[in-house]
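Source file: work_0.pdb (PDB, C-alpha atoms)
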MODEL        1
ATOM      1  CA  GLU G   2       0.000   0.000   0.000  1.00  0.00           C
ATOM      2  CA  ALA G   3       1.440   3.360  -0.997  1.00  0.00           C
ATOM      3  CA  GLY G   4       1.966   5.860   1.805  1.00  0.00           C
ATOM      4  CA  VAL G   5       1.118   9.542   2.035  1.00  0.00           C
ATOM      5  CA  ALA G   6       2.927  11.456  -0.699  1.00  0.00           C
ATOM      6  CA  GLN G   7       4.047  15.063  -0.401  1.00  0.00           C
ATOM      7  CA  SER G   8       5.839  17.420  -2.733  1.00  0.00           C
ATOM      8  CA  PRO G   9       8.087  19.235  -2.917  1.00  0.00           C
ATOM      9  CA  ARG G  10      10.339  17.876  -0.182  1.00  0.00           C
ATOM     10  CA  TYR G  11      12.247  21.125   0.174  1.00  0.00           C
ATOM     11  CA  LYS G  12      11.467  24.718  -0.763  1.00  0.00           C
ATOM     12  CA  ILE G  13      13.405  27.929  -0.252  1.00  0.00           C
ATOM     13  CA  ILE G  14      11.696  31.252  -0.947  1.00  0.00           C
ATOM     14  CA  GLU G  15      12.080  34.923  -0.136  1.00  0.00           C
ATOM     15  CA  LYS G  16       9.687  36.561   2.288  1.00  0.00           C
ATOM     16  CA  ARG G  17       6.532  37.934   0.677  1.00  0.00           C
ATOM     17  CA  GLN G  18       6.670  35.283  -2.040  1.00  0.00           C
ATOM     18  CA  SER G  19       3.996  32.609  -2.460  1.00  0.00           C
ATOM     19  CA  VAL G  20       4.393  28.871  -2.102  1.00  0.00           C
ATOM     20  CA  ALA G  21       2.183  25.809  -2.464  1.00  0.00           C
ATOM     21  CA  PHE G  22       2.489  22.301  -1.092  1.00  0.00           C
ATOM     22  CA  TRP G  23       0.781  19.201  -2.372  1.00  0.00           C
ATOM     23  CA  CYS G  24      -0.385  16.087  -0.542  1.00  0.00           C
ATOM     24  CA  ASN G  25      -1.824  12.816  -1.805  1.00  0.00           C
ATOM     25  CA  PRO G  26      -3.211  10.737   1.082  1.00  0.00           C
ATOM     26  CA  ILE G  27      -3.516   6.978   1.277  1.00  0.00           C
ATOM     27  CA  SER G  28      -6.250   5.748  -1.028  1.00  0.00           C
ATOM     28  CA  GLY G  29      -9.603   5.584   0.714  1.00  0.00           C
ATOM     29  CA  HIS G  30      -8.635   7.718   3.709  1.00  0.00           C
ATOM     30  CA  ALA G  31     -11.433  10.178   4.305  1.00  0.00           C
ATOM     31  CA  THR G  32      -9.674  12.424   6.803  1.00  0.00           C
ATOM     32  CA  LEU G  33      -6.693  14.605   5.896  1.00  0.00           C
ATOM     33  CA  TYR G  34      -4.642  16.887   8.116  1.00  0.00           C
ATOM     34  CA  TRP G  35      -2.068  19.589   7.519  1.00  0.00           C
ATOM     35  CA  TYR G  36       0.355  20.271  10.364  1.00  0.00           C
ATOM     36  CA  GLN G  37       3.072  22.868  10.838  1.00  0.00           C
ATOM     37  CA  GLN G  38       6.156  21.654  12.703  1.00  0.00           C
ATOM     38  CA  ILE G  39       8.537  24.409  13.724  1.00  0.00           C
ATOM     39  CA  LEU G  40      12.038  23.309  14.680  1.00  0.00           C
ATOM     40  CA  GLY G  41      12.087  22.024  18.253  1.00  0.00           C
ATOM     41  CA  GLN G  42       8.312  21.805  18.548  1.00  0.00           C
ATOM     42  CA  GLY G  43       5.626  19.214  18.036  1.00  0.00           C
ATOM     43  CA  PRO G  44       3.298  19.266  15.037  1.00  0.00           C
ATOM     44  CA  LYS G  45       0.599  21.908  15.264  1.00  0.00           C
ATOM     45  CA  LEU G  46      -2.671  21.320  13.445  1.00  0.00           C
ATOM     46  CA  LEU G  47      -3.446  23.855  10.723  1.00  0.00           C
ATOM     47  CA  ILE G  48      -6.493  22.340   9.071  1.00  0.00           C
ATOM     48  CA  GLN G  49      -8.472  19.100   9.047  1.00  0.00           C
ATOM     49  CA  PHE G  50     -10.628  17.846   6.162  1.00  0.00           C
ATOM     50  CA  GLN G  51     -13.272  15.142   6.149  1.00  0.00           C
ATOM     51  CA  ASN G  52     -13.595  14.196   2.481  1.00  0.00           C
ATOM     52  CA  ASN G  53     -13.676  17.628   0.804  1.00  0.00           C
ATOM     53  CA  GLY G  54     -15.205  19.493   3.739  1.00  0.00           C
ATOM     54  CA  VAL G  55     -13.322  21.430   6.415  1.00  0.00           C
ATOM     55  CA  VAL G  56     -13.757  20.022   9.934  1.00  0.00           C
ATOM     56  CA  ASP G  57     -11.408  22.374  11.770  1.00  0.00           C
ATOM     57  CA  ASP G  58      -9.385  25.343  10.560  1.00  0.00           C
ATOM     58  CA  SER G  59      -9.352  27.283  13.801  1.00  0.00           C
ATOM     59  CA  GLN G  60      -5.539  27.476  13.894  1.00  0.00           C
ATOM     60  CA  LEU G  61      -5.032  28.323  10.237  1.00  0.00           C
ATOM     61  CA  PRO G  62      -3.784  31.919   9.732  1.00  0.00           C
ATOM     62  CA  LYS G  63      -6.414  32.669   7.149  1.00  0.00           C
ATOM     63  CA  ASP G  64      -4.969  36.033   6.157  1.00  0.00           C
ATOM     64  CA  ARG G  65      -2.088  34.230   4.454  1.00  0.00           C
ATOM     65  CA  PHE G  66      -2.748  30.486   4.487  1.00  0.00           C
ATOM     66  CA  SER G  67      -5.332  28.637   2.431  1.00  0.00           C
ATOM     67  CA  ALA G  68      -6.005  24.980   1.764  1.00  0.00           C
ATOM     68  CA  GLU G  69      -8.329  22.970  -0.379  1.00  0.00           C
ATOM     69  CA  ARG G  70      -9.146  19.344  -0.953  1.00  0.00           C
ATOM     70  CA  LEU G  71     -10.981  19.096  -4.218  1.00  0.00           C
ATOM     71  CA  LYS G  72     -12.863  15.848  -4.868  1.00  0.00           C
ATOM     72  CA  GLY G  73     -11.940  14.617  -1.400  1.00  0.00           C
ATOM     73  CA  VAL G  74      -8.606  13.159  -2.478  1.00  0.00           C
ATOM     74  CA  ASP G  75      -5.423  15.180  -2.770  1.00  0.00           C
ATOM     75  CA  SER G  76      -4.935  18.542  -1.132  1.00  0.00           C
ATOM     76  CA  THR G  77      -2.922  21.720  -1.534  1.00  0.00           C
ATOM     77  CA  LEU G  78      -1.776  24.157   1.133  1.00  0.00           C
ATOM     78  CA  LYS G  79      -0.794  27.659   0.048  1.00  0.00           C
ATOM     79  CA  ILE G  80       0.991  30.495   1.791  1.00  0.00           C
ATOM     80  CA  GLN G  81       0.673  33.975   0.315  1.00  0.00           C
ATOM     81  CA  PRO G  82       2.648  36.019   1.233  1.00  0.00           C
ATOM     82  CA  ALA G  83       5.204  34.090   3.256  1.00  0.00           C
ATOM     83  CA  LYS G  84       6.813  35.461   6.392  1.00  0.00           C
ATOM     84  CA  LEU G  85      10.076  34.496   8.059  1.00  0.00           C
ATOM     85  CA  GLU G  86       8.173  32.759  10.872  1.00  0.00           C
ATOM     86  CA  ASP G  87       6.575  30.383   8.363  1.00  0.00           C
ATOM     87  CA  SER G  88       9.877  28.503   8.109  1.00  0.00           C
ATOM     88  CA  ALA G  89       8.928  25.008   9.238  1.00  0.00           C
ATOM     89  CA  VAL G  90       8.197  21.482   8.068  1.00  0.00           C
ATOM     90  CA  TYR G  91       4.662  21.087   6.751  1.00  0.00           C
ATOM     91  CA  LEU G  92       3.309  17.620   7.382  1.00  0.00           C
ATOM     92  CA  CYS G  93       0.320  15.996   5.771  1.00  0.00           C
ATOM     93  CA  ALA G  94      -1.397  13.055   7.439  1.00  0.00           C
ATOM     94  CA  SER G  95      -4.386  10.906   6.612  1.00  0.00           C
ATOM     95  CA  LEU G  96      -6.623   8.686   8.653  1.00  0.00           C
ATOM     96  CA  PRO G  97      -9.021   5.925   7.758  1.00  0.00           C
ATOM     97  CA  GLY G  98     -12.589   5.875   8.966  1.00  0.00           C
ATOM     98  CA  LEU G  99     -15.370   8.392   9.180  1.00  0.00           C
ATOM     99  CA  ALA G 100     -16.924  10.408  11.950  1.00  0.00           C
ATOM    100  CA  GLY G 101     -17.617   8.259  14.958  1.00  0.00           C
ATOM    101  CA  GLU G 102     -14.834   5.850  14.157  1.00  0.00           C
ATOM    102  CA  GLY G 103     -11.782   8.002  13.846  1.00  0.00           C
ATOM    103  CA  SER G 104     -11.022   9.147  17.377  1.00  0.00           C
ATOM    104  CA  TYR G 105      -8.484   6.433  18.078  1.00  0.00           C
ATOM    105  CA  ASN G 106      -7.170   5.400  14.663  1.00  0.00           C
ATOM    106  CA  GLU G 107      -3.548   5.794  13.657  1.00  0.00           C
ATOM    107  CA  GLN G 108      -2.656   8.819  11.557  1.00  0.00           C
ATOM    108  CA  PHE G 109      -0.371   8.088   8.622  1.00  0.00           C
ATOM    109  CA  PHE G 110       2.136  10.838   7.927  1.00  0.00           C
ATOM    110  CA  GLY G 111       3.912  11.892   4.785  1.00  0.00           C
ATOM    111  CA  PRO G 112       7.623  12.814   4.830  1.00  0.00           C
ATOM    112  CA  GLY G 113       6.867  16.525   4.987  1.00  0.00           C
ATOM    113  CA  THR G 114       7.928  19.619   3.071  1.00  0.00           C
ATOM    114  CA  ARG G 115      10.706  21.669   4.637  1.00  0.00           C
ATOM    115  CA  LEU G 116      10.096  25.364   3.933  1.00  0.00           C
ATOM    116  CA  THR G 117      12.807  27.970   4.441  1.00  0.00           C
ATOM    117  CA  VAL G 118      11.792  31.615   4.151  1.00  0.00           C
ATOM    118  CA  LEU G 119      14.710  34.031   3.709  1.00  0.00           C
TER     119      LEU G 119
ATOM    120  CA  ALA E 278      -8.909  21.738  26.460  1.00  0.00           C
ATOM    121  CA  GLN E 279      -6.396  18.959  26.160  1.00  0.00           C
ATOM    122  CA  SER E 280      -2.638  19.254  26.430  1.00  0.00           C
ATOM    123  CA  VAL E 281       0.485  17.150  26.715  1.00  0.00           C
ATOM    124  CA  THR E 282       3.721  17.817  28.570  1.00  0.00           C
ATOM    125  CA  GLN E 283       6.881  15.925  27.746  1.00  0.00           C
ATOM    126  CA  LEU E 284       9.576  16.289  30.365  1.00  0.00           C
ATOM    127  CA  GLY E 285      13.049  16.544  28.897  1.00  0.00           C
ATOM    128  CA  SER E 286      13.597  17.731  25.365  1.00  0.00           C
ATOM    129  CA  HIS E 287      16.739  15.581  25.145  1.00  0.00           C
ATOM    130  CA  VAL E 288      17.433  12.202  26.748  1.00  0.00           C
ATOM    131  CA  SER E 289      20.672  10.262  26.436  1.00  0.00           C
ATOM    132  CA  VAL E 290      21.037   6.602  27.305  1.00  0.00           C
ATOM    133  CA  SER E 291      23.733   4.020  26.771  1.00  0.00           C
ATOM    134  CA  GLU E 292      23.106   1.178  24.371  1.00  0.00           C
ATOM    135  CA  GLY E 293      21.464  -1.644  26.329  1.00  0.00           C
ATOM    136  CA  ALA E 294      20.165   0.664  29.065  1.00  0.00           C
ATOM    137  CA  LEU E 295      16.557   1.331  29.997  1.00  0.00           C
ATOM    138  CA  VAL E 296      14.741   3.965  27.982  1.00  0.00           C
ATOM    139  CA  LEU E 297      12.191   6.108  29.851  1.00  0.00           C
ATOM    140  CA  LEU E 298      10.458   9.007  28.110  1.00  0.00           C
ATOM    141  CA  ARG E 299       7.950  10.923  30.199  1.00  0.00           C
ATOM    142  CA  CYS E 300       4.544  12.199  29.163  1.00  0.00           C
ATOM    143  CA  ASN E 301       1.830  13.816  31.256  1.00  0.00           C
ATOM    144  CA  TYR E 302      -1.512  14.804  29.836  1.00  0.00           C
ATOM    145  CA  SER E 303      -4.377  17.075  30.683  1.00  0.00           C
ATOM    146  CA  SER E 304      -7.861  16.236  29.489  1.00  0.00           C
ATOM    147  CA  SER E 305     -11.373  16.849  30.735  1.00  0.00           C
ATOM    148  CA  VAL E 306     -12.414  13.325  29.771  1.00  0.00           C
ATOM    149  CA  PRO E 307     -10.562   9.994  29.677  1.00  0.00           C
ATOM    150  CA  PRO E 308      -8.446  10.488  26.612  1.00  0.00           C
ATOM    151  CA  TYR E 309      -6.928   8.429  23.867  1.00  0.00           C
ATOM    152  CA  LEU E 310      -3.130   8.627  24.019  1.00  0.00           C
ATOM    153  CA  PHE E 311      -0.482   7.978  21.411  1.00  0.00           C
ATOM    154  CA  TRP E 312       3.268   7.772  21.064  1.00  0.00           C
ATOM    155  CA  TYR E 313       4.746   8.571  17.670  1.00  0.00           C
ATOM    156  CA  VAL E 314       8.385   8.357  16.552  1.00  0.00           C
ATOM    157  CA  GLN E 315      10.041  10.588  13.977  1.00  0.00           C
ATOM    158  CA  TYR E 316      13.312   9.641  12.318  1.00  0.00           C
ATOM    159  CA  PRO E 317      15.357  12.389  10.629  1.00  0.00           C
ATOM    160  CA  ASN E 318      13.746  13.784   7.490  1.00  0.00           C
ATOM    161  CA  GLN E 319      10.751  11.502   7.829  1.00  0.00           C
ATOM    162  CA  GLY E 320       7.154  11.815   8.919  1.00  0.00           C
ATOM    163  CA  LEU E 321       5.801  10.499  12.190  1.00  0.00           C
ATOM    164  CA  GLN E 322       5.100   6.810  12.717  1.00  0.00           C
ATOM    165  CA  LEU E 323       2.844   5.316  15.370  1.00  0.00           C
ATOM    166  CA  LEU E 324       4.611   3.355  18.126  1.00  0.00           C
ATOM    167  CA  LEU E 325       1.572   2.541  20.255  1.00  0.00           C
ATOM    168  CA  LYS E 326      -1.771   3.858  21.448  1.00  0.00           C
ATOM    169  CA  TYR E 327      -4.015   3.672  24.492  1.00  0.00           C
ATOM    170  CA  THR E 328      -7.758   3.495  23.866  1.00  0.00           C
ATOM    171  CA  SER E 329      -9.112   2.539  27.313  1.00  0.00           C
ATOM    172  CA  ALA E 330      -8.640  -1.209  26.999  1.00  0.00           C
ATOM    173  CA  ALA E 331      -5.532  -2.490  28.798  1.00  0.00           C
ATOM    174  CA  THR E 332      -3.559   0.101  30.760  1.00  0.00           C
ATOM    175  CA  LEU E 333      -0.235  -1.453  29.723  1.00  0.00           C
ATOM    176  CA  VAL E 334       0.150  -1.067  26.015  1.00  0.00           C
ATOM    177  CA  LYS E 335       2.766  -2.815  23.912  1.00  0.00           C
ATOM    178  CA  GLY E 336       3.969  -1.282  20.686  1.00  0.00           C
ATOM    179  CA  ILE E 337       6.440  -1.860  17.926  1.00  0.00           C
ATOM    180  CA  ASN E 338      10.204  -2.224  18.323  1.00  0.00           C
ATOM    181  CA  GLY E 339       9.924  -3.415  21.939  1.00  0.00           C
ATOM    182  CA  PHE E 340       8.394  -0.233  23.319  1.00  0.00           C
ATOM    183  CA  GLU E 341       5.566  -0.152  25.822  1.00  0.00           C
ATOM    184  CA  ALA E 342       3.686   2.469  27.809  1.00  0.00           C
ATOM    185  CA  GLU E 343       1.510   2.399  30.889  1.00  0.00           C
ATOM    186  CA  PHE E 344      -1.557   4.574  31.340  1.00  0.00           C
ATOM    187  CA  LYS E 345      -1.815   5.823  34.938  1.00  0.00           C
ATOM    188  CA  LYS E 346      -4.965   7.818  35.478  1.00  0.00           C
ATOM    189  CA  SER E 347      -4.052   8.837  39.045  1.00  0.00           C
ATOM    190  CA  GLU E 348      -0.818  10.382  37.783  1.00  0.00           C
ATOM    191  CA  THR E 349      -2.223  11.550  34.416  1.00  0.00           C
ATOM    192  CA  SER E 350       0.836   9.938  32.846  1.00  0.00           C
ATOM    193  CA  PHE E 351       1.623   7.793  29.837  1.00  0.00           C
ATOM    194  CA  HIS E 352       5.376   7.205  30.016  1.00  0.00           C
ATOM    195  CA  LEU E 353       7.159   5.292  27.257  1.00  0.00           C
ATOM    196  CA  THR E 354       9.693   2.613  28.151  1.00  0.00           C
ATOM    197  CA  LYS E 355      11.971   0.088  26.522  1.00  0.00           C
ATOM    198  CA  PRO E 356      14.077  -2.315  28.594  1.00  0.00           C
ATOM    199  CA  SER E 357      17.175  -2.177  26.411  1.00  0.00           C
ATOM    200  CA  ALA E 358      18.062   0.677  24.063  1.00  0.00           C
ATOM    201  CA  HIS E 359      19.347  -0.013  20.583  1.00  0.00           C
ATOM    202  CA  MET E 360      21.263   2.365  18.360  1.00  0.00           C
ATOM    203  CA  SER E 361      18.367   2.344  15.920  1.00  0.00           C
ATOM    204  CA  ASP E 362      16.103   3.851  18.608  1.00  0.00           C
ATOM    205  CA  ALA E 363      17.787   7.233  18.208  1.00  0.00           C
ATOM    206  CA  ALA E 364      14.976   9.493  17.022  1.00  0.00           C
ATOM    207  CA  GLU E 365      12.488  12.061  18.264  1.00  0.00           C
ATOM    208  CA  TYR E 366       9.462  10.825  20.180  1.00  0.00           C
ATOM    209  CA  PHE E 367       6.143  12.609  20.458  1.00  0.00           C
ATOM    210  CA  CYS E 368       3.361  11.975  22.929  1.00  0.00           C
ATOM    211  CA  ALA E 369      -0.119  12.967  21.754  1.00  0.00           C
ATOM    212  CA  VAL E 370      -3.612  13.152  23.204  1.00  0.00           C
ATOM    213  CA  SER E 371      -6.978  12.919  21.484  1.00  0.00           C
ATOM    214  CA  ASP E 372     -10.293  13.835  23.043  1.00  0.00           C
ATOM    215  CA  PRO E 373     -12.700  10.984  22.212  1.00  0.00           C
ATOM    216  CA  ALA E 374     -15.694  13.207  22.846  1.00  0.00           C
ATOM    217  CA  TRP E 375     -14.824  15.556  19.964  1.00  0.00           C
ATOM    218  CA  GLY E 376     -17.697  14.538  17.736  1.00  0.00           C
ATOM    219  CA  GLY E 377     -16.008  11.316  16.667  1.00  0.00           C
ATOM    220  CA  TYR E 378     -13.377  13.190  14.677  1.00  0.00           C
ATOM    221  CA  GLN E 379      -9.794  12.780  15.802  1.00  0.00           C
ATOM    222  CA  LYS E 380      -8.231  16.023  16.922  1.00  0.00           C
ATOM    223  CA  VAL E 381      -4.760  15.320  18.284  1.00  0.00           C
ATOM    224  CA  THR E 382      -2.585  17.619  20.357  1.00  0.00           C
ATOM    225  CA  PHE E 383       1.108  16.781  20.239  1.00  0.00           C
ATOM    226  CA  GLY E 384       3.747  17.360  22.868  1.00  0.00           C
ATOM    227  CA  THR E 385       6.959  19.214  22.107  1.00  0.00           C
ATOM    228  CA  GLY E 386       8.920  16.011  21.613  1.00  0.00           C
ATOM    229  CA  THR E 387      11.890  14.276  23.229  1.00  0.00           C
ATOM    230  CA  LYS E 388      15.030  13.566  21.255  1.00  0.00           C
ATOM    231  CA  LEU E 389      16.567  10.265  22.256  1.00  0.00           C
ATOM    232  CA  GLN E 390      20.292   9.830  21.850  1.00  0.00           C
ATOM    233  CA  VAL E 391      21.762   6.339  22.234  1.00  0.00           C
ATOM    234  CA  ILE E 392      25.431   6.223  23.166  1.00  0.00           C
ATOM    235  CA  PRO E 393      27.428   3.190  22.037  1.00  0.00           C
TER     236      PRO E 393
ENDMDL
END
Take the structure I supplied and represent it as structure tokens, if you would.
Amino acid sequence: EAGVAQSPRYKIIEKRQSVAFWCNPISGHATLYWYQQILGQGPKLLIQFQNNGVVDDSQLPKDRFSAERLKGVDSTLKIQPAKLEDSAVYLCASLPGLAGEGSYNEQFFGPGTRLTVL
Amino acid sequence: AQSVTQLGSHVSVSEGALVLLRCNYSSSVPPYLFWYVQYPNQGLQLLLKYTSAATLVKGINGFEAEFKKSETSFHLTKPSAHMSDAAEYFCAVSDPAWGGYQKVTFGTGTKLQVIP
């Protein structure tokens, strides 16, 4: 079974530029997460999708970050414009099961995209 | 609100020695608890999880953790460290009452160094 795919693996941009990350979850996984992991910290949830609907985006800085999951499969996360403090690893994870089943299932993580903002 | 505290951002042990990584949680309801491991330049991988069945949970690679409600702890242990255990370990908590959806809060992580 293929794992969670993310691209690019590394990205270096100047501040105020735009950047987009792509994630393809495990086939059949209804739930998809984007996390931001700043160096020395644990992953912080940015947004959670159930199929193509947003379940939780309360910690997404909506003035500069946006995400979509068209057709309930792959997803893109965009930052526009980027700031220095956005330098981090952006992790995508997916989880099998639907509402009512998913509270205790394992999340499957992709390798992440390391973003450096100069 | 749920939260996790991991004591010690760095832990060093000798190869063959006991590994003990500490995790304390805060949750308004009996939580689900997880330990994930992250190797360099990789995503997180589940080691084990507690879902209110047995309080002593066994995971992969010889790791286990014990849920202690009275201490609000879920410490991770391994009797004998191996060089390949060097990685960063994250404790995480999920509130099972959150509408059935899994919303996980991660701790800040503990980097384990194994000394030959």
Need the shell around Gly339 (chain E): protein/DNA/RNA residues with any atom at most 10 Å away, counting all atoms listed in the file. Skip same-chain ones fewer than 6 positions apart. Format as an mmCIF file with C-alpha atoms, in the frame of the given file?
data_model
loop_
_atom_site.group_PDB
_atom_site.id
_atom_site.type_symbol
_atom_site.label_atom_id
_atom_site.label_comp_id
_atom_site.auth_asym_id
_atom_site.auth_seq_id
_atom_site.Cartn_x
_atom_site.Cartn_y
_atom_site.Cartn_z
ATOM 1 C CA LEU E 324 4.611 3.355 18.126
ATOM 2 C CA THR E 354 9.693 2.613 28.151
ATOM 3 C CA LYS E 355 11.971 0.088 26.522
ATOM 4 C CA PRO E 356 14.077 -2.315 28.594
ATOM 5 C CA SER E 357 17.175 -2.177 26.411
ATOM 6 C CA ALA E 358 18.062 0.677 24.063
#
Next item on the list: Just say which residues the PyMOL selection byres ((chain G) within 9 of (chain E)) picks in this file, as a ChimeraX atom specification.
Entry: /G:32,41-46,49,51,56-57,92-94,96,99-113,115
Grab the residues selected above and save them as an mmCIF file, in the coordinates of the input with C-alpha atoms.
data_model
loop_
_atom_site.group_PDB
_atom_site.id
_atom_site.type_symbol
_atom_site.label_atom_id
_atom_site.label_comp_id
_atom_site.auth_asym_id
_atom_site.auth_seq_id
_atom_site.Cartn_x
_atom_site.Cartn_y
_atom_site.Cartn_z
ATOM 1 C CA THR G 32 -9.674 12.424 6.803
ATOM 2 C CA GLY G 41 12.087 22.024 18.253
ATOM 3 C CA GLN G 42 8.312 21.805 18.548
ATOM 4 C CA GLY G 43 5.626 19.214 18.036
ATOM 5 C CA PRO G 44 3.298 19.266 15.037
ATOM 6 C CA LYS G 45 0.599 21.908 15.264
ATOM 7 C CA LEU G 46 -2.671 21.320 13.445
ATOM 8 C CA GLN G 49 -8.472 19.100 9.047
ATOM 9 C CA GLN G 51 -13.272 15.142 6.149
ATOM 10 C CA VAL G 56 -13.757 20.022 9.934
ATOM 11 C CA ASP G 57 -11.408 22.374 11.770
ATOM 12 C CA LEU G 92 3.309 17.620 7.382
ATOM 13 C CA CYS G 93 0.320 15.996 5.771
ATOM 14 C CA ALA G 94 -1.397 13.055 7.439
ATOM 15 C CA LEU G 96 -6.623 8.686 8.653
ATOM 16 C CA LEU G 99 -15.370 8.392 9.180
ATOM 17 C CA ALA G 100 -16.924 10.408 11.950
ATOM 18 C CA GLY G 101 -17.617 8.259 14.958
ATOM 19 C CA GLU G 102 -14.834 5.850 14.157
ATOM 20 C CA GLY G 103 -11.782 8.002 13.846
ATOM 21 C CA SER G 104 -11.022 9.147 17.377
ATOM 22 C CA TYR G 105 -8.484 6.433 18.078
ATOM 23 C CA ASN G 106 -7.170 5.400 14.663
ATOM 24 C CA GLU G 107 -3.548 5.794 13.657
ATOM 25 C CA GLN G 108 -2.656 8.819 11.557
ATOM 26 C CA PHE G 109 -0.371 8.088 8.622
ATOM 27 C CA PHE G 110 2.136 10.838 7.927
ATOM 28 C CA GLY G 111 3.912 11.892 4.785
ATOM 29 C CA PRO G 112 7.623 12.814 4.830
ATOM 30 C CA GLY G 113 6.867 16.525 4.987
ATOM 31 C CA ARG G 115 10.706 21.669 4.637
#
Next item on the list: Extract, using all atoms listed in the file, all DNA, RNA and protein residues at most 9 Å from Arg70 (chain G), discarding same-chain residues fewer than 6 positions from it, and format them as a PyMOL selection string.
Entry: chain G and resi 33+50+52-55+76-77
Notebook entry, point to check: Written as a ChimeraX atom specification, which residues does the PyMOL selection byres ((chain E and resi 391) around 8) give for the file shown?
Noted result: /E:289-292,358-360,362-363,389-390,392-393
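The gap separating CA of Ser59 (chain G) from CA of Arg299 (chain E) is 28.9 Å, in Å to one decimal.
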Margin query: Between CA of Arg65 (chain G) and CA of Gln18 (chain G), what is the distance in Å, rounded to a tenth?
Written below: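 Pair CA of Arg65 (chain G) / CA of Gln18 (chain G) returns 11.0 Å.
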Next item on the list: Can you pull out every residue within 6 Å of Asp58 (chain G), counting all atoms listed in the file, but drop anything in the same chain fewer than 2 positions away, and send it as a VMD selection string?
Entry: chain G and resid 48 60 to 61
Next item on the list: Determine the nearest neighbour of Gly73 (chain G) from the options G:Pro97, G:Pro9, G:Pro26, G:Gly4, counting all atoms listed in the file.
Entry: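 Between G:Pro97, G:Pro9, G:Pro26, G:Gly4, the residue approaching Gly73 (chain G) most closely is G:Pro26.
Distance-wise, CA of Ser28 (chain G) and CA of Ser95 (chain G) end up 9.4 Å apart.
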Notebook entry, point to check: Could you spell out the hits of the PyMOL selection byres ((chain E and resi 282) around 6) on the shown file, as a count of residues only?
Noted result: 5
Next item on the list: Please work out which residues fall within 7 Å of (-3.7, 12.0, -4.1), coordinates as given in the file, with all atoms listed in the file counting, and return them as a ChimeraX atom specification.
Entry: /G:24-26,74-75
Checklist line | Given all atoms listed in the file as the counted atoms, nearest of E:Val306, E:Leu298, E:Ala364, E:Val288 to Glu343 (chain E) | finding: E:Leu298
Please report, as JSON, the centre and edge lengths in Å to one decimal of an axis-aligned box covering all listed atoms of region 310-325 of chain E with 3 Å per side.
{"center_x": 6.1, "center_y": 8.2, "center_z": 15.8, "size_x": 24.5, "size_y": 17.2, "size_z": 22.5}
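Residues lying within 8 Å of (-5.0, 15.1, 33.0). Counted over only C-alpha atoms, they are Gln279, Asn301, Tyr302, Ser303, Ser304, Ser305, Lys346, Glu348, Thr349 and Ser350 of chain E.
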Notebook entry, point to check: Of the residues G:Lys16, G:Lys79, G:Lys72, G:His30, which is the one nearest to Tyr91 (chain G), using all atoms listed in the file?
Noted result: G:Lys79
